[in-house]
file run39.csv (CSV, C-alpha atoms and all ligand atoms)
chain,number,residue,atom,x,y,z
A,241,MET,CA,-6.0,-95.7,-36.9
A,242,SER,CA,-8.2,-95.8,-40.0
A,243,VAL,CA,-11.1,-93.4,-40.2
A,244,GLN,CA,-13.7,-94.5,-42.7
A,245,LYS,CA,-13.9,-92.2,-45.7
A,246,THR,CA,-17.4,-90.6,-45.8
A,247,GLY,CA,-16.8,-87.2,-47.5
A,248,ARG,CA,-17.6,-85.4,-44.3
A,249,VAL,CA,-16.1,-82.1,-45.6
A,250,GLU,CA,-16.7,-82.8,-49.3
A,251,GLY,CA,-16.2,-79.6,-51.3
A,252,LYS,CA,-15.5,-77.4,-48.3
A,253,VAL,CA,-12.6,-75.0,-48.2
A,254,ALA,CA,-10.5,-75.4,-45.1
A,255,ILE,CA,-7.5,-73.4,-43.8
A,256,ILE,CA,-5.2,-75.3,-41.6
A,257,THR,CA,-2.3,-73.6,-39.8
A,258,GLY,CA,0.7,-75.5,-38.5
A,259,ALA,CA,0.2,-77.9,-41.3
A,260,ALA,CA,3.9,-78.8,-41.8
A,261,SER,CA,4.1,-81.2,-38.9
A,262,GLY,CA,2.3,-83.3,-36.3
A,263,ILE,CA,-1.4,-82.7,-35.7
A,264,GLY,CA,-1.7,-80.1,-38.4
A,265,ARG,CA,-0.2,-82.4,-41.1
A,266,ALA,CA,-2.4,-85.3,-39.9
A,267,ALA,CA,-5.5,-83.0,-40.1
A,268,ALA,CA,-4.5,-81.9,-43.6
A,269,ILE,CA,-4.3,-85.5,-44.8
A,270,LEU,CA,-7.6,-86.5,-43.2
A,271,PHE,CA,-9.4,-83.4,-44.5
A,272,ALA,CA,-8.0,-84.1,-48.0
A,273,ARG,CA,-9.2,-87.7,-47.8
A,274,GLU,CA,-12.7,-86.4,-46.7
A,275,GLY,CA,-13.0,-84.2,-49.7
A,276,ALA,CA,-11.9,-80.7,-48.6
A,277,LYS,CA,-10.0,-78.1,-50.6
A,278,LEU,CA,-7.1,-76.9,-48.5
A,279,ALA,CA,-5.1,-73.7,-47.9
A,280,LEU,CA,-2.2,-74.8,-45.7
A,281,ALA,CA,0.1,-72.6,-43.7
A,282,ASP,CA,3.2,-72.9,-41.6
A,283,MET,CA,6.6,-71.2,-41.0
A,284,GLN,CA,8.5,-74.3,-42.2
A,285,GLU,CA,8.3,-74.0,-46.0
A,286,GLY,CA,10.1,-77.3,-46.9
A,287,ALA,CA,8.0,-79.5,-44.6
A,288,LEU,CA,4.8,-77.7,-45.7
A,289,GLN,CA,5.7,-78.6,-49.3
A,290,GLU,CA,5.9,-82.2,-48.2
A,291,THR,CA,2.4,-81.9,-46.7
A,292,LEU,CA,1.2,-80.5,-50.0
A,293,THR,CA,2.6,-83.6,-51.8
A,294,LEU,CA,0.8,-85.9,-49.2
A,295,VAL,CA,-2.6,-84.1,-49.6
A,296,LYS,CA,-2.3,-84.1,-53.4
A,297,ALA,CA,-1.7,-87.8,-53.2
A,298,GLU,CA,-5.2,-88.0,-51.6
A,299,GLY,CA,-6.6,-86.2,-54.6
A,300,ALA,CA,-7.2,-82.9,-52.9
A,301,GLU,CA,-6.9,-79.4,-54.4
A,302,ALA,CA,-4.6,-77.5,-52.2
A,303,VAL,CA,-2.4,-74.4,-51.9
A,304,ILE,CA,0.3,-73.6,-49.4
A,305,ARG,CA,1.7,-70.4,-48.0
A,306,LYS,CA,4.6,-69.8,-45.7
A,307,THR,CA,2.9,-67.8,-43.0
A,308,ASN,CA,3.7,-66.6,-39.5
A,309,VAL,CA,0.4,-66.6,-37.7
A,310,ALA,CA,1.7,-64.1,-35.2
A,311,ASP,CA,1.9,-61.5,-38.1
A,312,GLU,CA,-1.5,-60.1,-38.9
A,313,SER,CA,-0.6,-59.0,-42.5
A,314,ASP,CA,0.8,-62.5,-43.2
A,315,VAL,CA,-2.4,-64.0,-41.9
A,316,GLN,CA,-4.5,-61.6,-44.1
A,317,ALA,CA,-2.4,-62.7,-47.1
A,318,LEU,CA,-3.2,-66.4,-46.3
A,319,ILE,CA,-6.9,-65.7,-46.1
A,320,ASP,CA,-6.7,-63.8,-49.4
A,321,LEU,CA,-4.9,-66.7,-51.0
A,322,ALA,CA,-7.6,-69.2,-49.9
A,323,VAL,CA,-10.4,-66.9,-51.3
A,324,LYS,CA,-8.5,-66.2,-54.5
A,325,SER,CA,-7.8,-70.0,-55.0
A,326,PHE,CA,-11.2,-71.4,-54.0
A,327,GLY,CA,-13.7,-68.5,-53.9
A,328,ARG,CA,-14.8,-69.2,-50.3
A,329,ILE,CA,-13.8,-70.3,-46.8
A,330,ASP,CA,-15.9,-72.8,-44.8
A,331,ILE,CA,-13.5,-74.1,-42.1
A,332,VAL,CA,-10.5,-72.6,-40.2
A,333,CYS,CA,-8.3,-74.8,-38.1
A,334,ASN,CA,-6.1,-72.7,-35.8
A,335,ASN,CA,-3.5,-75.3,-35.0
A,336,ALA,CA,-0.1,-73.7,-35.1
A,337,GLY,CA,1.5,-73.5,-31.7
A,338,ILE,CA,4.7,-73.2,-29.7
A,339,THR,CA,5.7,-74.2,-26.2
A,340,GLY,CA,8.0,-71.5,-24.8
A,341,GLN,CA,10.1,-71.8,-21.7
A,342,TYR,CA,9.7,-74.4,-19.1
A,343,CYS,CA,11.2,-72.9,-15.9
A,344,GLY,CA,10.5,-71.5,-12.5
A,345,PRO,CA,9.2,-68.0,-11.6
A,346,GLU,CA,12.6,-66.4,-11.2
A,347,ASP,CA,13.5,-67.2,-14.8
A,348,TRP,CA,10.2,-66.1,-16.5
A,349,GLU,CA,10.9,-63.7,-19.3
A,350,GLY,CA,8.2,-61.3,-20.6
A,351,GLU,CA,9.5,-61.7,-24.1
A,352,ASP,CA,8.9,-65.4,-24.0
A,353,TRP,CA,5.4,-65.0,-22.7
A,354,GLN,CA,4.7,-62.4,-25.5
A,355,ARG,CA,6.1,-64.8,-28.1
A,356,VAL,CA,3.9,-67.7,-26.9
A,357,TYR,CA,0.8,-65.5,-26.7
A,358,ALA,CA,1.5,-64.0,-30.1
A,359,VAL,CA,1.4,-67.5,-31.8
A,360,ASN,CA,-1.0,-69.4,-29.6
A,361,VAL,CA,-3.6,-66.7,-29.0
A,362,LEU,CA,-3.2,-63.9,-31.5
A,363,GLY,CA,-2.6,-66.4,-34.3
A,364,ALA,CA,-6.2,-67.5,-33.8
A,365,VAL,CA,-7.5,-64.0,-33.3
A,366,TYR,CA,-6.0,-62.9,-36.6
A,367,THR,CA,-7.3,-65.8,-38.7
A,368,ILE,CA,-10.8,-65.4,-37.2
A,369,LYS,CA,-10.8,-61.6,-37.7
A,370,HIS,CA,-9.9,-61.9,-41.4
A,371,ALA,CA,-11.8,-65.1,-42.2
A,372,ALA,CA,-15.0,-64.3,-40.3
A,373,LYS,CA,-16.9,-62.6,-43.2
A,374,TYR,CA,-16.2,-65.5,-45.5
A,375,LEU,CA,-17.3,-68.0,-42.8
A,376,ILE,CA,-20.5,-66.0,-42.4
A,377,ASP,CA,-21.0,-66.0,-46.2
A,378,SER,CA,-20.6,-69.8,-46.2
A,379,LYS,CA,-23.7,-69.9,-43.9
A,380,LYS,CA,-22.2,-73.0,-42.1
A,381,GLY,CA,-18.8,-72.0,-41.0
A,382,ALA,CA,-16.7,-73.9,-38.5
A,383,ILE,CA,-13.6,-73.0,-36.6
A,384,VAL,CA,-11.6,-75.5,-34.6
A,385,ASN,CA,-8.7,-74.2,-32.4
A,386,THR,CA,-6.1,-76.6,-31.1
A,387,ALA,CA,-5.8,-75.8,-27.4
A,388,SER,CA,-4.4,-78.3,-24.9
A,389,VAL,CA,-5.0,-80.1,-21.6
A,390,ALA,CA,-2.4,-77.6,-20.4
A,391,GLY,CA,-5.2,-75.0,-20.8
A,392,ILE,CA,-7.4,-77.0,-18.4
A,393,ARG,CA,-5.0,-78.2,-15.7
A,394,SER,CA,-1.4,-77.5,-14.8
A,395,GLY,CA,1.4,-80.0,-15.3
A,396,ALA,CA,1.4,-80.3,-19.1
A,397,GLY,CA,3.7,-77.5,-20.1
A,398,GLY,CA,5.3,-74.2,-19.0
A,399,ASN,CA,3.3,-71.4,-17.4
A,400,ALA,CA,3.1,-69.2,-20.5
A,401,TYR,CA,2.1,-72.2,-22.6
A,402,SER,CA,-0.6,-73.2,-20.2
A,403,ALA,CA,-2.0,-69.7,-19.7
A,404,SER,CA,-2.0,-69.2,-23.5
A,405,LYS,CA,-4.0,-72.4,-24.1
A,406,ALA,CA,-6.5,-71.3,-21.3
A,407,ALA,CA,-6.8,-68.0,-23.1
A,408,LEU,CA,-7.4,-69.8,-26.4
A,409,ILE,CA,-10.2,-71.9,-24.7
A,410,ASN,CA,-11.9,-68.8,-23.4
A,411,PHE,CA,-11.4,-67.1,-26.8
A,412,THR,CA,-13.1,-70.1,-28.3
A,413,GLN,CA,-16.1,-69.4,-26.1
A,414,THR,CA,-16.3,-65.7,-26.7
A,415,ALA,CA,-15.8,-66.1,-30.5
A,416,ALA,CA,-18.5,-68.8,-30.5
A,417,CYS,CA,-20.9,-66.2,-28.9
A,418,ASP,CA,-19.9,-63.5,-31.5
A,419,LEU,CA,-20.4,-65.8,-34.4
A,420,GLY,CA,-23.2,-68.2,-33.3
A,421,GLY,CA,-25.9,-65.8,-34.7
A,422,PHE,CA,-24.4,-66.3,-38.1
A,423,ASN,CA,-24.3,-70.1,-37.9
A,424,VAL,CA,-20.5,-70.1,-37.5
A,425,ARG,CA,-19.5,-72.6,-34.9
A,426,VAL,CA,-16.2,-72.3,-32.9
A,427,ASN,CA,-14.8,-75.2,-30.9
A,428,ALA,CA,-11.5,-76.3,-29.6
A,429,VAL,CA,-9.7,-79.7,-29.1
A,430,CYS,CA,-7.5,-80.1,-26.1
A,431,PRO,CA,-4.9,-82.8,-26.9
A,432,GLY,CA,-3.0,-84.7,-24.1
A,433,LEU,CA,0.4,-86.1,-24.8
A,434,ILE,CA,0.8,-86.7,-28.6
A,435,GLU,CA,3.9,-87.7,-30.4
A,436,THR,CA,4.7,-84.8,-32.7
A,437,GLY,CA,7.5,-82.4,-33.6
A,438,MET,CA,6.7,-80.4,-30.5
A,439,THR,CA,7.1,-83.3,-28.1
A,440,LYS,CA,10.0,-85.0,-29.8
A,441,PRO,CA,12.5,-83.9,-27.2
A,442,VAL,CA,10.3,-85.6,-24.5
A,443,PHE,CA,10.0,-88.8,-26.5
A,444,ASP,CA,13.7,-88.9,-27.5
A,445,TYR,CA,14.7,-88.3,-23.8
A,446,ALA,CA,12.4,-91.1,-22.5
A,447,ARG,CA,13.6,-93.6,-25.1
A,448,GLU,CA,17.2,-92.7,-24.6
A,449,LYS,CA,16.8,-93.3,-20.8
A,450,GLY,CA,15.0,-96.6,-21.4
A,451,LYS,CA,11.7,-95.2,-20.1
A,452,ALA,CA,9.6,-95.3,-23.2
A,453,GLU,CA,6.9,-97.4,-21.4
A,454,LYS,CA,6.3,-94.4,-19.1
A,455,LEU,CA,5.3,-92.1,-22.0
A,456,GLY,CA,1.6,-91.2,-21.5
A,457,ASN,CA,1.1,-93.7,-18.7
A,458,ARG,CA,-0.4,-91.0,-16.4
A,459,CYS,CA,-3.6,-90.8,-18.4
A,460,GLU,CA,-6.5,-93.3,-17.9
A,461,LEU,CA,-5.8,-95.1,-21.2
A,462,ARG,CA,-2.2,-95.5,-20.1
A,463,ARG,CA,-0.7,-94.5,-23.4
A,464,TYR,CA,0.2,-91.4,-25.4
A,465,GLY,CA,-1.9,-90.4,-28.4
A,466,ARG,CA,-1.2,-90.2,-32.1
A,467,PRO,CA,-1.7,-87.1,-34.3
A,468,GLU,CA,-4.3,-88.9,-36.3
A,469,GLU,CA,-6.5,-89.3,-33.2
A,470,VAL,CA,-6.5,-85.6,-32.7
A,471,ALA,CA,-7.1,-85.0,-36.4
A,472,ALA,CA,-10.2,-87.2,-36.2
A,473,ALA,CA,-11.6,-85.0,-33.4
A,474,ILE,CA,-10.8,-81.8,-35.4
A,475,LEU,CA,-12.6,-83.3,-38.4
A,476,PHE,CA,-15.7,-84.1,-36.3
A,477,LEU,CA,-15.9,-80.6,-34.9
A,478,ALA,CA,-15.4,-79.1,-38.3
A,479,SER,CA,-18.0,-81.2,-40.0
A,480,ASP,CA,-21.8,-81.1,-40.0
A,481,ASP,CA,-21.8,-84.1,-37.6
A,482,ALA,CA,-21.1,-81.4,-34.9
A,483,GLY,CA,-23.7,-79.0,-36.3
A,484,TYR,CA,-25.2,-78.3,-32.8
A,485,ILE,CA,-21.9,-78.0,-31.0
A,486,THR,CA,-20.3,-74.7,-30.4
A,487,GLY,CA,-18.2,-73.0,-27.7
A,488,GLN,CA,-16.8,-76.3,-26.4
A,489,ALA,CA,-13.3,-77.5,-25.6
A,490,LEU,CA,-13.0,-81.2,-26.2
A,491,PRO,CA,-10.2,-83.1,-24.5
A,492,VAL,CA,-8.5,-85.7,-26.7
A,493,ASP,CA,-6.3,-86.9,-23.9
A,494,GLY,CA,-6.9,-90.6,-23.0
A,495,GLY,CA,-8.9,-89.4,-19.9
A,496,ASN,CA,-6.1,-87.3,-18.5
A,497,THR,CA,-8.3,-84.4,-17.5
A,498,ALA,CA,-11.0,-86.8,-16.1
A,499,SER,CA,-8.7,-87.6,-13.2
A,500,LEU,CA,-7.4,-85.4,-10.4
A,501,ASN,CA,-4.0,-87.1,-11.1
A,502,LEU,CA,-2.9,-86.4,-7.6
A,503,PRO,CA,0.9,-86.5,-7.1
A,504,GLY,CA,2.0,-89.9,-5.9
A,505,MET,CA,-1.4,-91.5,-6.6
A,506,LYS,CA,-0.4,-93.2,-9.8
A,507,ALA,CA,2.4,-95.7,-10.6
B,601,LIG,N1,1.9,-82.7,-29.2
B,601,LIG,C1,1.2,-82.6,-28.1
B,601,LIG,O1,1.4,-83.4,-27.1
B,601,LIG,C2,0.2,-81.5,-27.9
B,601,LIG,C3,-0.6,-81.5,-26.8
B,601,LIG,C4,-1.5,-80.4,-26.7
B,601,LIG,C5,-1.6,-79.5,-27.6
B,601,LIG,N2,-0.8,-79.5,-28.7
B,601,LIG,C6,-1.0,-78.4,-29.7
B,601,LIG,O2,-1.1,-79.0,-31.0
B,601,LIG,C7,-0.8,-78.0,-32.0
B,601,LIG,C8,0.0,-78.6,-33.0
B,601,LIG,O3,1.3,-79.0,-32.4
B,601,LIG,P1,2.0,-80.4,-32.7
B,601,LIG,O4,2.0,-81.1,-31.5
B,601,LIG,O5,1.5,-81.0,-33.9
B,601,LIG,O6,3.5,-79.8,-32.9
B,601,LIG,P2,4.4,-79.7,-34.2
B,601,LIG,O7,5.6,-78.9,-33.7
B,601,LIG,O8,4.7,-81.0,-34.8
B,601,LIG,O9,3.6,-78.8,-35.1
B,601,LIG,C9,3.3,-77.4,-34.9
B,601,LIG,C10,3.5,-76.7,-36.2
B,601,LIG,O10,3.2,-75.3,-36.0
B,601,LIG,C11,4.1,-74.5,-36.7
B,601,LIG,N3,4.3,-73.2,-36.2
B,601,LIG,C12,4.9,-72.8,-35.1
B,601,LIG,N4,4.8,-71.5,-35.0
B,601,LIG,C13,4.2,-71.0,-36.0
B,601,LIG,C14,3.9,-69.7,-36.5
B,601,LIG,N5,4.2,-68.6,-35.8
B,601,LIG,N6,3.2,-69.6,-37.7
B,601,LIG,C15,2.9,-70.7,-38.4
B,601,LIG,N7,3.2,-71.9,-38.0
B,601,LIG,C16,3.8,-72.1,-36.9
B,601,LIG,C17,5.4,-75.3,-36.7
B,601,LIG,O11,6.3,-74.9,-37.7
B,601,LIG,C18,4.9,-76.7,-36.7
B,601,LIG,O12,4.9,-77.2,-38.1
B,601,LIG,C19,-0.1,-76.8,-31.2
B,601,LIG,O13,-1.0,-75.8,-31.1
B,601,LIG,C20,0.2,-77.5,-29.9
B,601,LIG,O14,0.3,-76.5,-28.8
B,601,LIG,C21,0.1,-80.4,-28.9
call {"tool": "encode", "arguments": {"input": "run39.csv", "output": "structure tokens", "more": "lines below"}}
Ligand SMILES: NC(=O)c1ccc[n+]([C@@H]2O[C@H](COP(=O)([O-])OP(=O)(O)OC[C@H]3O[C@@H](n4cnc5c(N)ncnc54)[C@H](O)[C@@H]3O)[C@@H](O)[C@H]2O)c1
result
Amino acid sequence: MSVQKTGRVEGKVAIITGAASGIGRAAAILFAREGAKLALADMQEGALQETLTLVKAEGAEAVIRKTNVADESDVQALIDLAVKSFGRIDIVCNNAGITGQYCGPEDWEGEDWQRVYAVNVLGAVYTIKHAAKYLIDSKKGAIVNTASVAGIRSGAGGNAYSASKAALINFTQTAACDLGGFNVRVNAVCPGLIETGMTKPVFDYAREKGKAEKLGNRCELRRYGRPEEVAAAILFLASDDAGYITGQALPVDGGNTASLNLPGMKA
């Protein structure tokens, strides 16, 4: 999909977490194309370096930092790097996420729930905590959290993952209320099934079993999504085009959450 280049985040400084792969990498490339200066974070240093090469090829100024978003001091160091490098922060995209276990109640493990919450919820809490004052200084701050359709309905991930994404959606609303008075907007995107590193096992399995045509066919558009399609929604919510939108969770899901999707009702 080609998004017309219009400089929608020209000169803005954006932090993107989970930028080494999938949706985060696609967002980094799109933000670079649209004129942003980037501070990119991920646990995977080698792949993050590849993203850096890709955003530089788009002409962007960018820095990277190996960061575990579940570690508050690591997140603080990321924010410090962005400010030291570019002097300000205008946009934060909390995109890093993990899935956790997919199992029945008897096998739920507290440690797994804690790991999933630490990355998917506290990761966003820490970046917002440490970036808030800079976003307020920028007078037009924007935060975009990558939640999931799993945070709206069941059936799109394990229980801890779903609950963590629901928490992230609610945190998006409460943070929007805390920061709205400072003209800092906070929104979320809720992707449906997107082909990325996270969903690779699902895609590999379906293709191996000759069931590739079934991938994504339970949503109304009858197909899975691409990382670039989610990146386009993240860019919209981060840009001034969404200047009067805050506290919202936007599904980017081919209509998946528009339907009750009753068991047995779809081919
Ligand atoms: N792919 C989908 O179908 C889908 C659907 C809904 C929501 N999402 C969400 O989209 C976001 C991006 O995931 P993706 O699909 O691009 O998957 P991905 O695995 O390709 O990318 C996720 C990135 O996050 C990084 N990451 C994981 N834990 C981290 C941590 N503690 N600190 C820093 N970085 C960390 C990973 O290294 C990886 O590069 C996630 O929040 C995910 O939950 C994905």
call {"tool": "closest_residue", "arguments": {"input": "run39.csv", "among": "A:Ser378, A:Thr414, A:Gln341, A:Thr497", "to": "Arg328 (chain A)", "atoms": "only C-alpha atoms"}}
result
A:Ser378
call {"tool": "residues_around", "arguments": {"input": "run39.csv", "residues": "region 270-277 of chain A", "least_positions_apart": "6", "cutoff": "10 Å", "atoms": "only C-alpha atoms", "output": "number ranges by chain"}}
result
A: 242-256, 264, 294-303, 322, 325-326, 329-331, 468, 471-472, 474-475, 478-479
call {"tool": "closest_atom_pairs", "arguments": {"input": "run39.csv", "of": "chain A", "to": "ligand LIG 601 (chain B)", "cutoff": "6 Å", "atoms": "all atoms listed in the file", "output": "Markdown table"}}
result
| residue | atom | partner | partner_atom | distance |
| --- | --- | --- | --- | --- |
| A:Gly258 | CA | B:LIG601 | O10 | 3.5 |
| A:Ala259 | CA | B:LIG601 | O12 | 5.7 |
| A:Ala260 | CA | B:LIG601 | O12 | 4.2 |
| A:Ser261 | CA | B:LIG601 | O8 | 4.1 |
| A:Gly262 | CA | B:LIG601 | O5 | 3.4 |
| A:Ile263 | CA | B:LIG601 | O5 | 3.8 |
| A:Gly264 | CA | B:LIG601 | O5 | 5.6 |
| A:Asp282 | CA | B:LIG601 | N7 | 3.7 |
| A:Met283 | CA | B:LIG601 | C15 | 4.5 |
| A:Gln284 | CA | B:LIG601 | O11 | 5.0 |
| A:Thr307 | CA | B:LIG601 | C15 | 5.4 |
| A:Asn308 | CA | B:LIG601 | N6 | 3.5 |
| A:Val309 | CA | B:LIG601 | N6 | 4.1 |
| A:Ala310 | CA | B:LIG601 | N5 | 5.2 |
| A:Asn335 | CA | B:LIG601 | O13 | 4.7 |
| A:Ala336 | CA | B:LIG601 | O10 | 3.8 |
| A:Gly337 | CA | B:LIG601 | O13 | 3.4 |
| A:Ile338 | CA | B:LIG601 | C12 | 5.4 |
| A:Val359 | CA | B:LIG601 | N5 | 5.0 |
| A:Thr386 | CA | B:LIG601 | O13 | 5.2 |
| A:Ala387 | CA | B:LIG601 | C5 | 5.6 |
| A:Ser388 | CA | B:LIG601 | C4 | 4.0 |
| A:Pro431 | CA | B:LIG601 | C4 | 4.2 |
| A:Gly432 | CA | B:LIG601 | C3 | 4.8 |
| A:Leu433 | CA | B:LIG601 | O1 | 3.7 |
| A:Ile434 | CA | B:LIG601 | O1 | 3.7 |
| A:Glu435 | CA | B:LIG601 | N1 | 5.5 |
| A:Thr436 | CA | B:LIG601 | O8 | 4.3 |
| A:Gly437 | CA | B:LIG601 | O8 | 3.4 |
| A:Met438 | CA | B:LIG601 | O7 | 3.7 |
| A:Thr439 | CA | B:LIG601 | N1 | 5.3 |
call {"tool": "closest_residue", "arguments": {"input": "run39.csv", "among": "A:Asn423, A:Thr291, A:Asn360, A:Asn501", "to": "Ala403 (chain A)", "atoms": "only C-alpha atoms"}}
result
A:Asn360
call {"tool": "residues_around", "arguments": {"input": "run39.csv", "residues": "Leu318 (chain A)", "least_positions_apart": "5", "cutoff": "8 Å", "atoms": "only C-alpha atoms", "output": "PyMOL selection string"}}
result
chain A and resi 279+281+305+307
call {"tool": "closest_residue", "arguments": {"input": "run39.csv", "among": "A:Gly344, A:Gly350, A:Gly391, A:Gly420", "to": "Ala372 (chain A)", "atoms": "only C-alpha atoms"}}
result
A:Gly420
call {"tool": "atom_distance", "arguments": {"input": "run39.csv", "atom1": "CA of Tyr357 (chain A)", "atom2": "CA of Ala400 (chain A)"}}
result
7.6 Å
call {"tool": "atom_distance", "arguments": {"input": "run39.csv", "atom1": "CA of Asn399 (chain A)", "atom2": "CA of Gly465 (chain A)"}}
result
22.6 Å
call {"tool": "atom_distance", "arguments": {"input": "run39.csv", "atom1": "CA of Ala446 (chain A)", "atom2": "CA of Arg458 (chain A)"}}
result
14.2 Å
call {"tool": "residues_around", "arguments": {"input": "run39.csv", "residues": "Ile319 (chain A)", "least_positions_apart": "2", "cutoff": "8 Å", "atoms": "only C-alpha atoms", "output": "list in words"}}
result
Val315, Gln316, Ala317, Leu321, Ala322, Val323, Thr367, His370 and Ala371 of chain A
call {"tool": "closest_residue", "arguments": {"input": "run39.csv", "among": "A:Cys459, A:Ala382, A:Leu375, A:Leu278", "to": "Asp481 (chain A)", "atoms": "only C-alpha atoms"}}
result
A:Ala382
